[in-house]
$ cat start_22.cif   # mmCIF, C-alpha atoms and all ligand atoms
data_structure
loop_
_atom_site.group_PDB
_atom_site.id
_atom_site.type_symbol
_atom_site.label_atom_id
_atom_site.label_comp_id
_atom_site.auth_asym_id
_atom_site.auth_seq_id
_atom_site.Cartn_x
_atom_site.Cartn_y
_atom_site.Cartn_z
ATOM 1 C CA MET E 13 12.764 11.951 14.172
ATOM 2 C CA SER E 14 10.171 14.657 14.682
ATOM 3 C CA GLY E 15 7.325 16.321 12.803
ATOM 4 C CA ARG E 16 4.825 14.764 10.516
ATOM 5 C CA ILE E 17 5.577 12.524 7.536
ATOM 6 C CA LYS E 18 5.036 14.267 4.198
ATOM 7 C CA LYS E 19 6.322 11.785 1.654
ATOM 8 C CA ALA E 20 5.030 8.360 0.677
ATOM 9 C CA VAL E 21 6.635 5.725 -1.516
ATOM 10 C CA PHE E 22 4.565 3.346 -3.646
ATOM 11 C CA PRO E 23 6.554 0.444 -5.119
ATOM 12 C CA VAL E 24 4.621 -0.379 -8.294
ATOM 13 C CA ALA E 25 7.224 -2.070 -10.470
ATOM 14 C CA GLY E 26 6.132 -5.670 -9.811
ATOM 15 C CA LEU E 27 5.122 -7.957 -12.676
ATOM 16 C CA GLY E 28 1.739 -8.967 -11.281
ATOM 17 C CA THR E 29 2.031 -12.468 -12.713
ATOM 18 C CA ARG E 30 -0.780 -13.786 -10.500
ATOM 19 C CA PHE E 31 -3.229 -11.748 -12.516
ATOM 20 C CA LEU E 32 -2.105 -12.775 -15.989
ATOM 21 C CA PRO E 33 -3.477 -12.506 -18.601
ATOM 22 C CA ALA E 34 -5.096 -9.250 -17.350
ATOM 23 C CA THR E 35 -1.725 -7.869 -16.273
ATOM 24 C CA LYS E 36 -0.241 -8.483 -19.712
ATOM 25 C CA THR E 37 -1.354 -4.931 -20.515
ATOM 26 C CA VAL E 38 -2.928 -3.555 -17.322
ATOM 27 C CA PRO E 39 -0.612 -3.047 -14.317
ATOM 28 C CA LYS E 40 -2.002 -4.858 -11.275
ATOM 29 C CA GLU E 41 -2.156 -1.540 -9.404
ATOM 30 C CA MET E 42 -4.713 -0.411 -11.997
ATOM 31 C CA LEU E 43 -7.102 -3.317 -11.389
ATOM 32 C CA PRO E 44 -10.346 -1.788 -10.117
ATOM 33 C CA ILE E 45 -12.315 -2.328 -6.954
ATOM 34 C CA ILE E 46 -15.718 -1.100 -8.203
ATOM 35 C CA ASP E 47 -14.729 2.159 -9.960
ATOM 36 C CA ARG E 48 -11.305 3.030 -8.591
ATOM 37 C CA PRO E 49 -7.971 1.366 -9.273
ATOM 38 C CA LEU E 50 -6.125 -0.227 -6.362
ATOM 39 C CA ILE E 51 -3.465 2.488 -6.452
ATOM 40 C CA GLN E 52 -6.092 5.171 -5.788
ATOM 41 C CA TYR E 53 -7.059 3.565 -2.474
ATOM 42 C CA ALA E 54 -3.429 3.590 -1.289
ATOM 43 C CA VAL E 55 -2.910 7.158 -2.527
ATOM 44 C CA ASP E 56 -6.024 8.383 -0.706
ATOM 45 C CA GLU E 57 -4.805 6.724 2.475
ATOM 46 C CA ALA E 58 -1.429 8.504 2.196
ATOM 47 C CA ILE E 59 -3.068 11.866 1.551
ATOM 48 C CA GLU E 60 -5.379 11.390 4.533
ATOM 49 C CA ALA E 61 -2.274 10.705 6.651
ATOM 50 C CA GLY E 62 -0.891 14.122 5.622
ATOM 51 C CA CYS E 63 1.423 13.216 2.717
ATOM 52 C CA ASP E 64 1.811 15.732 -0.106
ATOM 53 C CA THR E 65 4.614 14.097 -2.089
ATOM 54 C CA LEU E 66 3.870 10.708 -3.607
ATOM 55 C CA VAL E 67 6.812 8.798 -5.034
ATOM 56 C CA PHE E 68 5.967 5.983 -7.420
ATOM 57 C CA ILE E 69 8.704 3.450 -8.086
ATOM 58 C CA THR E 70 7.812 2.262 -11.514
ATOM 59 C CA ASN E 71 9.198 0.727 -14.710
ATOM 60 C CA ARG E 72 8.757 0.947 -18.454
ATOM 61 C CA TYR E 73 5.702 -1.298 -18.474
ATOM 62 C CA LYS E 74 3.751 0.839 -16.028
ATOM 63 C CA HIS E 75 2.932 3.896 -18.133
ATOM 64 C CA ALA E 76 -0.717 3.471 -17.198
ATOM 65 C CA VAL E 77 0.067 4.441 -13.587
ATOM 66 C CA ALA E 78 1.749 7.714 -14.614
ATOM 67 C CA ASP E 79 -0.989 8.390 -17.177
ATOM 68 C CA TYR E 80 -3.631 7.880 -14.524
ATOM 69 C CA PHE E 81 -2.199 10.674 -12.368
ATOM 70 C CA ASP E 82 -1.652 13.003 -15.335
ATOM 71 C CA LYS E 83 -4.177 15.516 -16.621
ATOM 72 C CA ALA E 84 -6.445 14.020 -19.314
ATOM 73 C CA TYR E 85 -7.038 17.118 -21.481
ATOM 74 C CA GLU E 86 -9.050 15.488 -24.255
ATOM 75 C CA LEU E 87 -11.301 13.562 -21.912
ATOM 76 C CA GLU E 88 -11.849 16.668 -19.779
ATOM 77 C CA GLN E 89 -12.847 18.655 -22.868
ATOM 78 C CA LYS E 90 -15.255 15.955 -24.014
ATOM 79 C CA LEU E 91 -16.908 15.666 -20.608
ATOM 80 C CA GLU E 92 -17.100 19.442 -20.330
ATOM 81 C CA ARG E 93 -18.779 19.737 -23.743
ATOM 82 C CA ALA E 94 -21.204 16.971 -22.832
ATOM 83 C CA GLY E 95 -22.045 18.757 -19.563
ATOM 84 C CA LYS E 96 -20.951 15.738 -17.515
ATOM 85 C CA GLN E 97 -19.872 17.715 -14.473
ATOM 86 C CA GLU E 98 -19.915 14.844 -12.000
ATOM 87 C CA GLN E 99 -17.600 12.682 -14.098
ATOM 88 C CA LEU E 100 -15.377 15.688 -14.786
ATOM 89 C CA GLU E 101 -14.875 16.235 -11.054
ATOM 90 C CA LEU E 102 -14.011 12.547 -10.621
ATOM 91 C CA ILE E 103 -11.150 12.627 -13.097
ATOM 92 C CA ARG E 104 -9.935 16.063 -11.972
ATOM 93 C CA HIS E 105 -9.632 14.986 -8.351
ATOM 94 C CA VAL E 106 -7.548 11.880 -8.749
ATOM 95 C CA LEU E 107 -4.947 13.974 -6.894
ATOM 96 C CA PRO E 108 -6.039 16.970 -4.845
ATOM 97 C CA LYS E 109 -4.390 20.394 -5.244
ATOM 98 C CA GLY E 110 -1.067 20.686 -3.473
ATOM 99 C CA VAL E 111 -0.221 16.998 -3.834
ATOM 100 C CA ARG E 112 2.513 16.117 -6.287
ATOM 101 C CA ALA E 113 3.396 12.827 -7.913
ATOM 102 C CA VAL E 114 7.020 11.909 -8.604
ATOM 103 C CA PHE E 115 7.991 8.929 -10.746
ATOM 104 C CA VAL E 116 11.260 7.090 -10.298
ATOM 105 C CA THR E 117 12.288 4.265 -12.598
ATOM 106 C CA GLN E 118 13.497 1.013 -11.078
ATOM 107 C CA THR E 119 15.555 -0.335 -13.949
ATOM 108 C CA GLU E 120 16.049 -3.799 -12.458
ATOM 109 C CA ALA E 121 13.533 -5.850 -10.479
ATOM 110 C CA LEU E 122 15.816 -6.515 -7.498
ATOM 111 C CA GLY E 123 13.173 -6.609 -4.774
ATOM 112 C CA LEU E 124 11.140 -4.419 -2.424
ATOM 113 C CA GLY E 125 14.204 -3.156 -0.537
ATOM 114 C CA HIS E 126 15.798 -2.060 -3.788
ATOM 115 C CA ALA E 127 12.562 -0.360 -4.894
ATOM 116 C CA VAL E 128 12.467 1.679 -1.675
ATOM 117 C CA LEU E 129 16.150 2.584 -2.069
ATOM 118 C CA CYS E 130 15.293 4.078 -5.485
ATOM 119 C CA ALA E 131 13.350 6.821 -3.601
ATOM 120 C CA LYS E 132 16.371 7.946 -1.562
ATOM 121 C CA ALA E 133 17.127 11.141 -3.513
ATOM 122 C CA ILE E 134 13.494 12.290 -3.329
ATOM 123 C CA ILE E 135 12.968 11.487 0.346
ATOM 124 C CA GLY E 136 16.203 12.942 1.726
ATOM 125 C CA ASP E 137 16.663 12.999 5.488
ATOM 126 C CA GLU E 138 13.152 12.712 6.881
ATOM 127 C CA PRO E 139 10.852 9.901 7.994
ATOM 128 C CA PHE E 140 8.563 8.667 5.244
ATOM 129 C CA ALA E 141 5.851 6.137 4.465
ATOM 130 C CA VAL E 142 5.887 3.055 2.247
ATOM 131 C CA LEU E 143 2.555 1.673 1.034
ATOM 132 C CA LEU E 144 2.181 -1.569 -0.888
ATOM 133 C CA PRO E 145 -1.008 -1.047 -2.941
ATOM 134 C CA ASP E 146 -1.734 -4.808 -3.043
ATOM 135 C CA ASP E 147 -2.670 -4.540 0.606
ATOM 136 C CA LEU E 148 -5.900 -2.603 0.542
ATOM 137 C CA ILE E 149 -6.829 -1.520 4.055
ATOM 138 C CA TRP E 150 -10.392 -0.538 4.701
ATOM 139 C CA ASN E 151 -11.605 1.140 7.855
ATOM 140 C CA ARG E 152 -14.739 3.125 8.679
ATOM 141 C CA GLY E 153 -12.666 5.376 10.938
ATOM 142 C CA GLU E 154 -9.170 6.741 10.280
ATOM 143 C CA GLY E 155 -7.039 5.063 7.667
ATOM 144 C CA ALA E 156 -4.221 2.749 8.756
ATOM 145 C CA LEU E 157 -1.419 5.080 7.645
ATOM 146 C CA LYS E 158 -2.964 8.029 9.498
ATOM 147 C CA GLN E 159 -3.012 5.913 12.664
ATOM 148 C CA MET E 160 0.638 4.999 12.092
ATOM 149 C CA ALA E 161 1.711 8.571 11.281
ATOM 150 C CA ASP E 162 0.148 9.699 14.576
ATOM 151 C CA LEU E 163 2.102 7.052 16.467
ATOM 152 C CA ASN E 164 5.289 8.054 14.656
ATOM 153 C CA GLN E 165 4.721 11.678 15.517
ATOM 154 C CA ALA E 166 4.083 10.841 19.164
ATOM 155 C CA THR E 167 7.067 8.493 19.614
ATOM 156 C CA GLY E 168 9.579 9.540 16.953
ATOM 157 C CA ALA E 169 10.096 5.842 16.143
ATOM 158 C CA SER E 170 9.541 3.890 12.917
ATOM 159 C CA VAL E 171 6.223 2.028 12.732
ATOM 160 C CA ILE E 172 5.344 -1.162 10.872
ATOM 161 C CA ALA E 173 1.785 -2.376 10.396
ATOM 162 C CA VAL E 174 1.110 -5.919 11.584
ATOM 163 C CA GLU E 175 -1.745 -8.359 11.854
ATOM 164 C CA ASP E 176 -2.161 -11.925 13.059
ATOM 165 C CA VAL E 177 -1.990 -14.608 10.406
ATOM 166 C CA PRO E 178 -2.606 -18.371 10.628
ATOM 167 C CA HIS E 179 0.588 -20.129 11.725
ATOM 168 C CA ASP E 180 0.833 -22.138 8.488
ATOM 169 C CA LYS E 181 0.927 -18.872 6.472
ATOM 170 C CA THR E 182 4.069 -17.298 7.994
ATOM 171 C CA GLY E 183 6.032 -18.199 4.854
ATOM 172 C CA SER E 184 4.125 -15.527 2.900
ATOM 173 C CA TYR E 185 5.039 -12.591 5.158
ATOM 174 C CA GLY E 186 7.626 -10.704 7.122
ATOM 175 C CA ILE E 187 7.124 -11.926 10.709
ATOM 176 C CA VAL E 188 7.995 -9.916 13.812
ATOM 177 C CA ALA E 189 8.663 -10.683 17.456
ATOM 178 C CA THR E 190 8.088 -7.893 19.974
ATOM 179 C CA GLU E 191 9.707 -7.118 23.337
ATOM 180 C CA THR E 192 6.415 -5.968 24.775
ATOM 181 C CA PHE E 193 3.001 -5.760 23.135
ATOM 182 C CA ASP E 194 0.018 -4.044 24.702
ATOM 183 C CA GLY E 195 -2.410 -5.463 22.155
ATOM 184 C CA ARG E 196 -2.031 -2.450 19.875
ATOM 185 C CA HIS E 197 1.694 -1.756 19.607
ATOM 186 C CA GLY E 198 5.071 -2.771 20.912
ATOM 187 C CA ARG E 199 8.779 -2.496 20.175
ATOM 188 C CA ILE E 200 10.026 -5.026 17.649
ATOM 189 C CA SER E 201 12.914 -7.229 18.792
ATOM 190 C CA GLN E 202 13.167 -9.393 15.675
ATOM 191 C CA ILE E 203 11.919 -9.414 12.091
ATOM 192 C CA VAL E 204 12.342 -12.216 9.547
ATOM 193 C CA GLU E 205 11.226 -12.387 5.917
ATOM 194 C CA LYS E 206 8.966 -15.309 5.018
ATOM 195 C CA PRO E 207 10.048 -17.845 7.674
ATOM 196 C CA LYS E 208 8.746 -21.425 7.581
ATOM 197 C CA PRO E 209 6.120 -21.960 10.318
ATOM 198 C CA GLU E 210 8.590 -23.960 12.419
ATOM 199 C CA GLU E 211 11.090 -21.089 12.295
ATOM 200 C CA ALA E 212 8.669 -18.166 12.729
ATOM 201 C CA PRO E 213 9.194 -16.142 15.941
ATOM 202 C CA SER E 214 5.417 -15.422 16.164
ATOM 203 C CA ASP E 215 2.264 -15.228 14.012
ATOM 204 C CA LEU E 216 2.408 -11.427 13.816
ATOM 205 C CA ALA E 217 2.826 -10.596 10.134
ATOM 206 C CA VAL E 218 3.964 -7.415 8.414
ATOM 207 C CA VAL E 219 1.272 -5.763 6.304
ATOM 208 C CA GLY E 220 2.247 -3.370 3.491
ATOM 209 C CA ARG E 221 2.359 -0.107 5.478
ATOM 210 C CA TYR E 222 5.551 1.296 6.950
ATOM 211 C CA VAL E 223 6.659 4.607 8.464
ATOM 212 C CA LEU E 224 10.425 4.498 8.297
ATOM 213 C CA SER E 225 13.404 6.429 9.546
ATOM 214 C CA PRO E 226 15.622 7.734 6.677
ATOM 215 C CA LYS E 227 18.452 5.680 8.194
ATOM 216 C CA ILE E 228 16.909 2.764 6.313
ATOM 217 C CA PHE E 229 18.551 4.046 3.079
ATOM 218 C CA GLU E 230 22.155 3.602 4.205
ATOM 219 C CA LEU E 231 21.202 0.161 5.533
ATOM 220 C CA LEU E 232 19.517 -0.775 2.241
ATOM 221 C CA GLU E 233 22.657 0.232 0.384
ATOM 222 C CA HIS E 234 24.479 -2.542 2.246
ATOM 223 C CA THR E 235 21.716 -5.146 2.260
ATOM 224 C CA ALA E 236 22.620 -8.335 0.401
ATOM 225 C CA THR E 237 20.035 -10.399 -1.440
ATOM 226 C CA GLY E 238 17.851 -12.396 0.942
ATOM 227 C CA ALA E 239 14.667 -14.471 0.690
ATOM 228 C CA GLY E 240 13.696 -15.248 -2.911
ATOM 229 C CA GLY E 241 17.052 -13.866 -4.156
ATOM 230 C CA GLU E 242 15.776 -10.299 -3.665
ATOM 231 C CA ILE E 243 16.976 -7.276 -1.691
ATOM 232 C CA GLN E 244 14.453 -7.344 1.128
ATOM 233 C CA LEU E 245 13.146 -4.323 3.019
ATOM 234 C CA THR E 246 12.659 -6.674 5.986
ATOM 235 C CA ASP E 247 16.418 -7.393 6.146
ATOM 236 C CA ALA E 248 17.263 -3.675 6.286
ATOM 237 C CA ILE E 249 14.632 -3.207 9.025
ATOM 238 C CA ALA E 250 16.316 -6.054 10.943
ATOM 239 C CA GLN E 251 19.494 -3.934 10.865
ATOM 240 C CA LEU E 252 17.599 -0.747 11.811
ATOM 241 C CA LEU E 253 16.338 -2.459 14.995
ATOM 242 C CA LYS E 254 19.912 -2.613 16.255
ATOM 243 C CA SER E 255 20.280 1.173 16.397
ATOM 244 C CA GLU E 256 16.755 2.616 16.612
ATOM 245 C CA PRO E 257 13.392 1.619 18.091
ATOM 246 C CA VAL E 258 10.902 0.246 15.574
ATOM 247 C CA ASN E 259 7.317 -0.335 16.667
ATOM 248 C CA ALA E 260 4.880 -2.941 15.412
ATOM 249 C CA TYR E 261 1.379 -1.516 15.169
ATOM 250 C CA ARG E 262 -1.803 -3.552 14.946
ATOM 251 C CA PHE E 263 -3.985 -1.131 12.968
ATOM 252 C CA GLU E 264 -7.713 -0.690 13.176
ATOM 253 C CA GLY E 265 -9.208 -1.851 9.907
ATOM 254 C CA THR E 266 -9.447 -4.817 7.566
ATOM 255 C CA ARG E 267 -6.735 -5.752 5.114
ATOM 256 C CA PHE E 268 -7.637 -7.289 1.790
ATOM 257 C CA ASP E 269 -4.757 -9.057 0.095
ATOM 258 C CA CYS E 270 -5.463 -7.814 -3.411
ATOM 259 C CA GLY E 271 -2.342 -9.554 -4.651
ATOM 260 C CA THR E 272 -4.500 -12.704 -4.671
ATOM 261 C CA HIS E 273 -7.666 -13.549 -6.587
ATOM 262 C CA LEU E 274 -9.682 -14.182 -3.445
ATOM 263 C CA GLY E 275 -8.525 -10.954 -1.802
ATOM 264 C CA LEU E 276 -9.641 -8.969 -4.834
ATOM 265 C CA VAL E 277 -13.032 -10.710 -4.765
ATOM 266 C CA GLU E 278 -13.384 -10.070 -1.025
ATOM 267 C CA ALA E 279 -12.504 -6.367 -1.374
ATOM 268 C CA THR E 280 -14.949 -5.995 -4.244
ATOM 269 C CA ILE E 281 -17.760 -7.497 -2.149
ATOM 270 C CA ARG E 282 -16.901 -5.283 0.820
ATOM 271 C CA PHE E 283 -16.834 -2.089 -1.246
ATOM 272 C CA ALA E 284 -20.041 -3.030 -3.053
ATOM 273 C CA LEU E 285 -21.745 -3.493 0.318
ATOM 274 C CA GLU E 286 -20.398 -0.108 1.464
ATOM 275 C CA ASN E 287 -21.619 1.655 -1.667
ATOM 276 C CA GLU E 288 -24.889 3.504 -1.291
ATOM 277 C CA LYS E 289 -26.230 2.595 -4.732
ATOM 278 C CA LEU E 290 -24.839 -0.924 -4.941
ATOM 279 C CA ALA E 291 -25.365 -2.306 -1.434
ATOM 280 C CA GLN E 292 -28.962 -3.439 -1.764
ATOM 281 C CA PRO E 293 -28.819 -4.924 -5.295
ATOM 282 C CA ALA E 294 -25.449 -6.528 -4.520
ATOM 283 C CA ARG E 295 -26.937 -8.189 -1.448
ATOM 284 C CA GLU E 296 -29.816 -9.532 -3.545
ATOM 285 C CA ILE E 297 -27.496 -10.870 -6.219
ATOM 286 C CA MET E 298 -25.405 -12.625 -3.584
ATOM 287 C CA LYS E 299 -28.438 -14.157 -1.867
ATOM 288 C CA LYS E 300 -29.710 -15.451 -5.199
ATOM 289 C CA MET E 301 -26.346 -16.902 -6.150
ATOM 290 C CA LEU E 302 -25.836 -18.566 -2.781
ATOM 291 C CA ALA E 303 -29.242 -20.225 -3.073
ATOM 292 C CA GLU E 304 -28.438 -21.745 -6.462
HETATM 293 C C1 LIG B 1 6.088 -7.919 1.151
HETATM 294 C C2 LIG B 1 7.082 -7.871 2.311
HETATM 295 C C3 LIG B 1 6.589 -8.755 3.462
HETATM 296 C C4 LIG B 1 5.193 -8.329 3.873
HETATM 297 C C5 LIG B 1 4.251 -8.314 2.654
HETATM 298 C C6 LIG B 1 2.913 -7.702 3.035
HETATM 299 O O1 LIG B 1 6.093 -9.215 0.619
HETATM 300 O O2 LIG B 1 8.360 -8.300 1.858
HETATM 301 O O3 LIG B 1 7.466 -8.640 4.547
HETATM 302 O O4 LIG B 1 4.702 -9.188 4.885
HETATM 303 O O5 LIG B 1 4.792 -7.549 1.575
HETATM 304 O O6 LIG B 1 2.018 -7.734 1.966
HETATM 305 P P1 LIG B 1 5.431 -9.595 -0.819
HETATM 306 O O7 LIG B 1 3.981 -9.808 -0.559
HETATM 307 O O8 LIG B 1 5.697 -8.434 -1.722
HETATM 308 O O9 LIG B 1 6.118 -10.850 -1.251
#

$ encode --input "start_22.cif" --output "structure tokens" --more "lines below"
Ligand code: G1P
Amino acid sequence: MSGRIKKAVFPVAGLGTRFLPATKTVPKEMLPIIDRPLIQYAVDEAIEAGCDTLVFITNRYKHAVADYFDKAYELEQKLERAGKQEQLELIRHVLPKGVRAVFVTQTEALGLGHAVLCAKAIIGDEPFAVLLPDDLIWNRGEGALKQMADLNQATGASVIAVEDVPHDKTGSYGIVATETFDGRHGRISQIVEKPKPEEAPSDLAVVGRYVLSPKIFELLEHTATGAGGEIQLTDAIAQLLKSEPVNAYRFEGTRFDCGTHLGLVEATIRFALENEKLAQPAREIMKKMLAE
């Protein structure tokens, strides 16, 4: 591997059942944190990392995601006529110039590994990123994927984002064991999808950011169904470890698990407190509520 990653894959074909009834009509990736949908945060992170080709793995129920990245002619005209320049800029810059969006249909919900495999023809033979938009990563400095892309460029090896989780939560994550770990990164020796606490090799959990070697595609093609009866990306990575180095990387930043109610609430509070106009009134509202 060499050079800088240019392509990013966003698996967005999940059902989002945790957020029903909202997700009956609104894809979970379109749920907002303040004024931007979750998918926009992941897309911005990929663009910051240097990606110019964004591959969305979608399905027939997710038209809203494709519509969101399309040009909204009527709305643009209306805003233009009303002289609403600021709002016009907001909807025009959902994707900056030079960045293209590609949509690939995943016809069957066979798991994350299968979703990534659907991007094979678009990615070709180069390292690429995978971002799971449910995991919103916030950092005042460089975004998590940028940090990982730098490490990939420096080492040529695949990189997987990790963070420590409570031991009783290992069953919700891919868990890695490393040969060496200097506090920030280390070569992975083992990776297991959603092990029970008593079987987990560590408490270092995979977070939804990956920079992967294209070799992962041929491995995914031969990956049988694993945990939860799905084709797991983790299982293909376990095979990749046998022939190539894969590094775990503890990123700088905070992850909000926006696949859960509490994570979405937490992210909303954080972004409100970071917002110039909202910070002060949001603080006051919270103080008042906490005193009730
Ligand atoms: C997926 C991955 C898992 C990873 C997690 C991070 O699981 O399979 O290895 O730890 O994302 O969010 P999911 O949450 O989709 O079940």

$ closest_residue --input "start_22.cif" --among "E:Ile172, E:Leu50, E:Val258, E:Ile187" --to "ligand LIG 1 (chain B)" --atoms "only C-alpha atoms and all ligand atoms"
E:Ile187

$ residues_near_ligand --input "start_22.cif" --ligand "ligand LIG 1 (chain B)" --cutoff "9 Å" --atoms "all atoms listed in the file" --output "PyMOL selection string"
chain E and resi 26+123-125+144-147+174+182+184-187+203-206+217-221+239-240+244-246+269+271

$ closest_residue --input "start_22.cif" --among "E:Val128, E:Ala54, E:Val114, E:Ile45" --to "Pro23 (chain E)" --atoms "only C-alpha atoms"
E:Val128

$ closest_residue --input "start_22.cif" --among "E:Lys83, E:Arg112, E:His273, E:Lys300" --to "Asp64 (chain E)" --atoms "only C-alpha atoms"
E:Arg112

$ atom_distance --input "start_22.cif" --atom1 "CA of Tyr85 (chain E)" --atom2 "CA of Leu107 (chain E)"
15.1 Å

$ atom_distance --input "start_22.cif" --atom1 "CA of Val277 (chain E)" --atom2 "CA of Leu66 (chain E)"
27.3 Å

$ residues_near_point --input "start_22.cif" --point "(8.2, 5.5, 14.8)" --cutoff "9 Å" --atoms "all atoms listed in the file" --output "list in words"
Met13, Pro139, Met160, Ala161, Leu163, Asn164, Gln165, Ala166, Thr167, Gly168, Ala169, Ser170, Val171, Ile172, Val223, Leu224, Ser225, Pro257, Val258 and Asn259 of chain E

$ atom_distance --input "start_22.cif" --atom1 "CA of Met301 (chain E)" --atom2 "CA of Glu41 (chain E)"
28.8 Å

$ residues_around --input "start_22.cif" --residues "Glu210 (chain E)" --least-positions-apart "2" --cutoff "9 Å" --atoms "only C-alpha atoms" --output "MDAnalysis selection string"
chainID E and resid 179:180 207:208 212:213

$ closest_residue --input "start_22.cif" --among "E:Ala294, E:Leu122, E:Leu27, E:Cys130" --to "Phe229 (chain E)" --atoms "only C-alpha atoms"
E:Cys130

$ axis_aligned_box --input "start_22.cif" --around "region 162-167 of chain E" --padding-each-side "4 Å" --output "AutoDock Vina command-line options"
--center_x 3.6 --center_y 9.4 --center_z 17.1 --size_x 14.9 --size_y 12.6 --size_z 13.0

$ residues_around --input "start_22.cif" --residues "Pro108 (chain E)" --least-positions-apart "3" --cutoff "10 Å" --atoms "all atoms listed in the file" --output "PDB file with C-alpha atoms, in the frame of the given file"
ATOM      1  CA  ASP E  56      -6.024   8.383  -0.706  1.00  0.00           C
ATOM      2  CA  ILE E  59      -3.068  11.866   1.551  1.00  0.00           C
ATOM      3  CA  ASP E  64       1.811  15.732  -0.106  1.00  0.00           C
ATOM      4  CA  ARG E 104      -9.935  16.063 -11.972  1.00  0.00           C
ATOM      5  CA  HIS E 105      -9.632  14.986  -8.351  1.00  0.00           C
ATOM      6  CA  VAL E 111      -0.221  16.998  -3.834  1.00  0.00           C
ATOM      7  CA  ARG E 112       2.513  16.117  -6.287  1.00  0.00           C
TER       8      ARG E 112
END

$ closest_residue --input "start_22.cif" --among "E:Asp215, E:Ile134, E:Glu60, E:Asp162" --to "Lys181 (chain E)" --atoms "all atoms listed in the file"
E:Asp215

$ decode --input "start_22.cif" --residues "region 172-189 of chain E" --atoms "C-alpha atoms" --output "CSV table (one decimal), in the first residue's frame"
chain,number,residue,atom,x,y,z
E,172,ILE,CA,-8.8,0.2,12.7
E,173,ALA,CA,-10.0,2.7,15.2
E,174,VAL,CA,-10.3,1.4,18.8
E,175,GLU,CA,-11.3,2.7,22.2
E,176,ASP,CA,-11.6,1.1,25.7
E,177,VAL,CA,-15.0,-0.1,26.7
E,178,PRO,CA,-16.3,-1.5,30.0
E,179,HIS,CA,-15.6,-5.2,30.2
E,180,ASP,CA,-19.3,-6.1,30.5
E,181,LYS,CA,-19.9,-4.4,27.1
E,182,THR,CA,-17.6,-6.4,24.9
E,183,GLY,CA,-20.6,-8.3,23.5
E,184,SER,CA,-21.6,-5.1,21.6
E,185,TYR,CA,-18.3,-4.7,19.7
E,186,GLY,CA,-15.5,-6.1,17.6
E,187,ILE,CA,-12.7,-6.7,20.2
E,188,VAL,CA,-9.0,-6.7,19.4
E,189,ALA,CA,-5.9,-8.0,21.0
